[in-house]
Amino acid sequence: MAIPVEKNKFYTAEVHDLTHDGAGVAKVEGFPIFVPNALPGETVSLKIIKTKKNYAFGRLMEIVEQSPDRVDAPCPVFGECGGCQLQHLSYEGQLRYKQSQVKEALSRIGGLNDITVQPTLGMEDPWAYRNKAQVPVGERNGSLIAGFYKQRSHDLIDLDVCMIQDQSNDALVQGVRGIAEAYGIRAYDEATHKGTLRHILVRNGRQSSEQMVVLVTKSRTLPNKANIIRDIQEQFPQVVSIVQNVNPKRTNVILGSHTEVIWGKETIRDSIDDVDFDISAQSFYQVNPVQTDVLYGKALEYAELTGNETVIDAYCGIGTISLFLARQAKHVYGVEIVPEAIEDAKKNAVLNGFSNTTFEAGAAEEVIPAWAKQGIHADVIVVDPPRKGCDDALLKTMLDMSPKRIVYVSCNPATLARDLAVLTEGGAYEVKDVQPVDMFPQTGHVECCSLLVRKD
Ligand SMILES: C[S@@+](CC[C@H](N)C(=O)[O-])C[C@H]1O[C@@H](n2cnc3c(N)ncnc32)[C@H](O)[C@@H]1O
């Protein structure tokens with residue numbers, strides 16, 4: 001197909017869709033042009049800045065016809081910071097967009113056209129929801145700064161307040177930055193691989209108000225460690241755990257493999273519904289506790305437990321879904337690849353007084369087939385994989401184990417669609433319902449919970 005647009009030329013086009021990172025998709029003679037800040041339903045004037053074989057990138061020059069869903073983005077660095085992509089879209093518009101993203105992925109990638117995708121369950125107040133901040137540290141004019149990366153770059157924006165972050169976390173990050181600066185700590189510099197402090201990571205328990213600080217350093221040496229610990233304790237009494245994580249590598253991955261509690265407890269506590277969780281620095285824990293309750297509530301509803309079922313929770317993290325379901329199941333088996341998370345899961349089972357759970361560290365695609373060989377039968381299998389979705393071997397094992405219900409919790413509609421296509425291919429399972437839940441308001445991330453039922 002000949003490319004119908006030319007670099008540096010101007011066009012007027014209608015915007016039909018949004019990409020997952022929030023750019024509008026305009027079309028000229030059917031040819032897609034990605035235009036940051038343009039919204040579906042708008043007609044825009046744009047300048048082509050780059051062309052590729054199958055698409056182009058454009059700059060928004062003027063909104064000719066504005067979408068009724070357009071709002072003023074409240075954050076002063078929206079568009080510059082890479083954290084949020086959808087602040088210029090009304091919250092109602094965001095929820096509709098997320099529902100349509102799931103429908104579209106199921107149809108285009110999975111060939112699944114007749115599936116009910118429910119309206120997205122959103123938040124009453126879609127701000128200040130995050131319970132975890134991981135903030136890179138840099139230097140500007142000789143001072144330490146802690147902020148966020150500019151979109152598609154490693155330049156830092158010095159930012160005191162992030163509008164989707166719990167305010168106590170914002171204050172703690174800036175407080176710890178100030179304390180580190182007072183003791184002459186230097187920021188790690190990616191270019192020279194010199195300096196000490198790479199990231200300040202903080203977490204809070206919404207119900208307990210406990211906070212954790214993780215100082216990610218390049219080496220084990222942290223000058224003035226005792227003074228830094230004392231000052232954090234004095235200034236932030238709700239901090240119950242201070243952890244040092246050492247990451248000596250030239251890498252974008254935030255945490256290294258060495259983690260040491262340098263003061264206080266190993267974990268902080270949070271609760272979802274009436275289940276308590278202790279969470280350590282390395283463990284995955286959902287970042288939006290209000291919506292986690294909604295998401296897990298949906299998983300529980302889909303599982304239709306009566307007290308007699310055996311459940312497998314694959315990719316179980318610290319056992320959150322497992323324990324949520326254990327209240328109404330005969331037995332829950334959980335598997336997770338991070339050993340520290342499994343230790344947390346076992347302790348969390350004891351903390352809540354459950355004796356009907358078994359947790360094992362390992363890859364779900366290896367541990368679950370081994371359980372099947374040992375004769376463990378599952379009535380319900382829950383999967384909540386990372387963005388890349390389920391491993392093929394696990395999908396095959398699930399089909400072989402033939403549970404009555406499969407509950408698939410997904411943070412990536414594309415891999416969800418791919419995996420649901422595999423699970424329904426032979427006709428043994430039917431997708432009964434798909435429920436998007438907005439875990440990440442103001443961003444393009446889409447989470448949903450799906451129910452598959454065996455056709456008997
Ligand atoms: C999206 S999180 C879900 C965790 C948990 N269900 C929750 O809601 O808190 C995915 C989890 O899968 C784990 N994981 C990644 N690959 C895995 C694998 N091959 N086998 C088992 N767990 C894995 C990650 O460490 C992470 O804890």
# chains A, B, ... in the order shown; residues from 1 in each chain; ligands from 1
>>> residues_around(residues="range 304-308 of chain A", least_positions_apart="3", cutoff="10 Å", atoms="only C-alpha atoms", output="PDB file with C-alpha atoms, in the first residue's frame")
ATOM      1  CA  ALA A 299     -12.944 -13.446  41.233  1.00  0.00           C
ATOM      2  CA  LEU A 300     -14.736 -14.810  44.316  1.00  0.00           C
ATOM      3  CA  GLU A 301     -18.167 -14.360  42.673  1.00  0.00           C
ATOM      4  CA  VAL A 311      -8.920 -24.307  44.112  1.00  0.00           C
ATOM      5  CA  LEU A 325     -10.984 -17.622  48.290  1.00  0.00           C
ATOM      6  CA  ALA A 326      -9.798 -19.891  51.148  1.00  0.00           C
ATOM      7  CA  ARG A 327     -12.561 -18.416  53.332  1.00  0.00           C
ATOM      8  CA  GLN A 328     -15.101 -20.285  51.186  1.00  0.00           C
ATOM      9  CA  ALA A 329     -13.165 -23.242  49.715  1.00  0.00           C
ATOM     10  CA  LYS A 330     -12.190 -26.703  50.970  1.00  0.00           C
ATOM     11  CA  HIS A 331      -8.527 -26.247  50.039  1.00  0.00           C
ATOM     12  CA  ASP A 379     -12.641 -27.606  40.741  1.00  0.00           C
ATOM     13  CA  VAL A 380     -11.581 -24.021  40.091  1.00  0.00           C
ATOM     14  CA  ARG A 405     -14.417 -23.057  36.268  1.00  0.00           C
TER      15      ARG A 405
END
>>> residues_near_ligand(ligand="ligand 1", cutoff="10 Å", atoms="only C-alpha atoms and all ligand atoms", output="MDAnalysis selection string")
chainID A and resid 282:287 292 295:296 313:322 334:342 360:368 382:391 394 409:412 447
>>> select_by_dssp(residues="range 53-146 of chain A", states="alpha helix (DSSP H)", output="VMD selection string")
chain A and resid 91 to 108
>>> write_last_selection(atoms="C-alpha atoms", output="short mmCIF file (atom, residue, chain, number, x, y, z; two decimals), in the first residue's frame")
data_model
loop_
_atom_site.label_atom_id
_atom_site.label_comp_id
_atom_site.auth_asym_id
_atom_site.auth_seq_id
_atom_site.Cartn_x
_atom_site.Cartn_y
_atom_site.Cartn_z
CA TYR A 91 -13.23 9.55 33.83
CA GLU A 92 -16.45 8.26 32.22
CA GLY A 93 -14.60 8.36 28.89
CA GLN A 94 -11.67 6.43 30.37
CA LEU A 95 -13.99 3.69 31.63
CA ARG A 96 -15.70 3.38 28.23
CA TYR A 97 -12.31 3.32 26.49
CA LYS A 98 -11.07 0.47 28.72
CA GLN A 99 -14.19 -1.59 28.05
CA SER A 100 -13.76 -1.10 24.30
CA GLN A 101 -10.03 -1.99 24.49
CA VAL A 102 -10.95 -5.37 25.96
CA LYS A 103 -13.73 -5.99 23.38
CA GLU A 104 -11.44 -5.02 20.54
CA ALA A 105 -8.55 -7.24 21.72
CA LEU A 106 -10.83 -10.25 22.21
CA SER A 107 -12.18 -9.84 18.70
CA ARG A 108 -8.97 -8.88 16.81
#
>>> residues_around(residues="Leu46 in chain A", least_positions_apart="2", cutoff="10 Å", atoms="only C-alpha atoms", output="VMD selection string")
chain A and resid 8 to 13 26 33 35 38 43 to 44 48 to 49 57 to 63
>>> write_last_selection(atoms="N, CA and C atoms", output="mmCIF file, in the first residue's frame")
data_model
loop_
_atom_site.group_PDB
_atom_site.id
_atom_site.type_symbol
_atom_site.label_atom_id
_atom_site.label_comp_id
_atom_site.auth_asym_id
_atom_site.auth_seq_id
_atom_site.Cartn_x
_atom_site.Cartn_y
_atom_site.Cartn_z
ATOM 1 N N ASN A 8 6.409 16.220 7.394
ATOM 2 C CA ASN A 8 6.356 17.694 7.454
ATOM 3 C C ASN A 8 5.129 18.309 6.775
ATOM 4 N N LYS A 9 4.254 17.472 6.188
ATOM 5 C CA LYS A 9 3.041 18.035 5.588
ATOM 6 C C LYS A 9 1.900 18.037 6.598
ATOM 7 N N PHE A 10 0.889 18.870 6.354
ATOM 8 C CA PHE A 10 -0.242 19.035 7.278
ATOM 9 C C PHE A 10 -1.473 18.332 6.722
ATOM 10 N N TYR A 11 -2.256 17.726 7.611
ATOM 11 C CA TYR A 11 -3.485 17.026 7.209
ATOM 12 C C TYR A 11 -4.575 17.308 8.239
ATOM 13 N N THR A 12 -5.823 17.178 7.811
ATOM 14 C CA THR A 12 -6.943 17.217 8.756
ATOM 15 C C THR A 12 -7.539 15.817 8.761
ATOM 16 N N ALA A 13 -7.720 15.267 9.966
ATOM 17 C CA ALA A 13 -8.178 13.871 10.019
ATOM 18 C C ALA A 13 -9.047 13.647 11.251
ATOM 19 N N ALA A 26 -5.481 8.658 14.396
ATOM 20 C CA ALA A 26 -6.215 9.336 13.320
ATOM 21 C C ALA A 26 -6.000 8.535 12.041
ATOM 22 N N ILE A 33 -2.328 7.134 11.913
ATOM 23 C CA ILE A 33 -1.335 8.120 12.357
ATOM 24 C C ILE A 33 -1.507 8.299 13.862
ATOM 25 N N VAL A 35 -1.247 10.237 17.128
ATOM 26 C CA VAL A 35 -1.171 11.661 17.460
ATOM 27 C C VAL A 35 -1.348 11.845 18.968
ATOM 28 N N ALA A 38 -4.512 13.680 21.098
ATOM 29 C CA ALA A 38 -5.776 13.731 20.343
ATOM 30 C C ALA A 38 -6.703 12.645 20.898
ATOM 31 N N THR A 43 -11.873 15.848 15.389
ATOM 32 C CA THR A 43 -11.241 16.103 14.095
ATOM 33 C C THR A 43 -10.078 17.036 14.397
ATOM 34 N N VAL A 44 -8.888 16.669 13.913
ATOM 35 C CA VAL A 44 -7.702 17.455 14.267
ATOM 36 C C VAL A 44 -6.896 17.828 13.031
ATOM 37 N N ILE A 48 2.746 15.664 10.040
ATOM 38 C CA ILE A 48 3.432 14.364 10.068
ATOM 39 C C ILE A 48 4.896 14.589 10.475
ATOM 40 N N ILE A 49 5.330 13.842 11.520
ATOM 41 C CA ILE A 49 6.732 14.015 11.926
ATOM 42 C C ILE A 49 7.588 12.796 11.592
ATOM 43 N N PHE A 57 3.661 8.949 12.628
ATOM 44 C CA PHE A 57 3.477 9.722 13.858
ATOM 45 C C PHE A 57 3.184 11.160 13.477
ATOM 46 N N GLY A 58 2.208 11.765 14.177
ATOM 47 C CA GLY A 58 1.857 13.146 13.876
ATOM 48 C C GLY A 58 1.888 14.009 15.113
ATOM 49 N N ARG A 59 2.012 15.325 14.929
ATOM 50 C CA ARG A 59 1.919 16.272 16.046
ATOM 51 C C ARG A 59 0.584 16.988 15.936
ATOM 52 N N LEU A 60 -0.117 17.091 17.076
ATOM 53 C CA LEU A 60 -1.410 17.784 17.081
ATOM 54 C C LEU A 60 -1.159 19.282 16.915
ATOM 55 N N MET A 61 -1.727 19.887 15.864
ATOM 56 C CA MET A 61 -1.549 21.319 15.630
ATOM 57 C C MET A 61 -2.776 22.090 16.126
ATOM 58 N N GLU A 62 -3.961 21.540 15.860
ATOM 59 C CA GLU A 62 -5.182 22.243 16.262
ATOM 60 C C GLU A 62 -6.321 21.242 16.377
ATOM 61 N N ILE A 63 -7.179 21.450 17.370
ATOM 62 C CA ILE A 63 -8.383 20.610 17.463
ATOM 63 C C ILE A 63 -9.479 21.328 16.678
#
>>> residues_around(residues="Val176 in chain A", least_positions_apart="4", cutoff="9 Å", atoms="only C-alpha atoms", output="mmCIF file with N, CA and C atoms, in the first residue's frame")
data_model
loop_
_atom_site.group_PDB
_atom_site.id
_atom_site.type_symbol
_atom_site.label_atom_id
_atom_site.label_comp_id
_atom_site.auth_asym_id
_atom_site.auth_seq_id
_atom_site.Cartn_x
_atom_site.Cartn_y
_atom_site.Cartn_z
ATOM 1 N N ALA A 171 4.942 12.564 50.441
ATOM 2 C CA ALA A 171 5.647 13.284 51.510
ATOM 3 C C ALA A 171 6.854 12.477 51.982
ATOM 4 N N LEU A 172 6.694 11.166 52.076
ATOM 5 C CA LEU A 172 7.800 10.319 52.557
ATOM 6 C C LEU A 172 8.966 10.314 51.559
ATOM 7 N N ALA A 180 18.631 12.270 52.847
ATOM 8 C CA ALA A 180 19.821 11.774 52.128
ATOM 9 C C ALA A 180 20.700 12.945 51.707
ATOM 10 N N GLU A 181 20.059 14.003 51.254
ATOM 11 C CA GLU A 181 20.836 15.172 50.811
ATOM 12 C C GLU A 181 21.605 15.798 51.988
ATOM 13 N N ILE A 200 14.267 5.711 45.464
ATOM 14 C CA ILE A 200 13.594 5.654 46.766
ATOM 15 C C ILE A 200 12.258 4.985 46.494
ATOM 16 N N VAL A 213 10.146 2.016 53.728
ATOM 17 C CA VAL A 213 11.070 2.736 52.830
ATOM 18 C C VAL A 213 12.101 1.732 52.326
ATOM 19 N N ILE A 228 20.794 8.337 58.873
ATOM 20 C CA ILE A 228 19.653 8.355 57.936
ATOM 21 C C ILE A 228 18.480 7.588 58.550
ATOM 22 N N ASP A 231 16.929 9.627 61.409
ATOM 23 C CA ASP A 231 16.132 10.782 60.968
ATOM 24 C C ASP A 231 14.807 10.343 60.333
ATOM 25 N N ILE A 232 14.827 9.245 59.574
ATOM 26 C CA ILE A 232 13.555 8.768 58.980
ATOM 27 C C ILE A 232 12.590 8.398 60.113
#
>>> select_by_dssp(residues="range 154-377 of chain A", states="strand (DSSP E)", output="MDAnalysis selection string")
chainID A and resid 156:158 197:204 211:217 239:246 258:264 267:272 275:280 310:314 331:336 357:361
>>> residues_around(residues="Arg198 in chain A", least_positions_apart="4", cutoff="6 Å", atoms="only C-alpha atoms", output="list in words")
Val137, Tyr188, Val216 and Thr217 of chain A
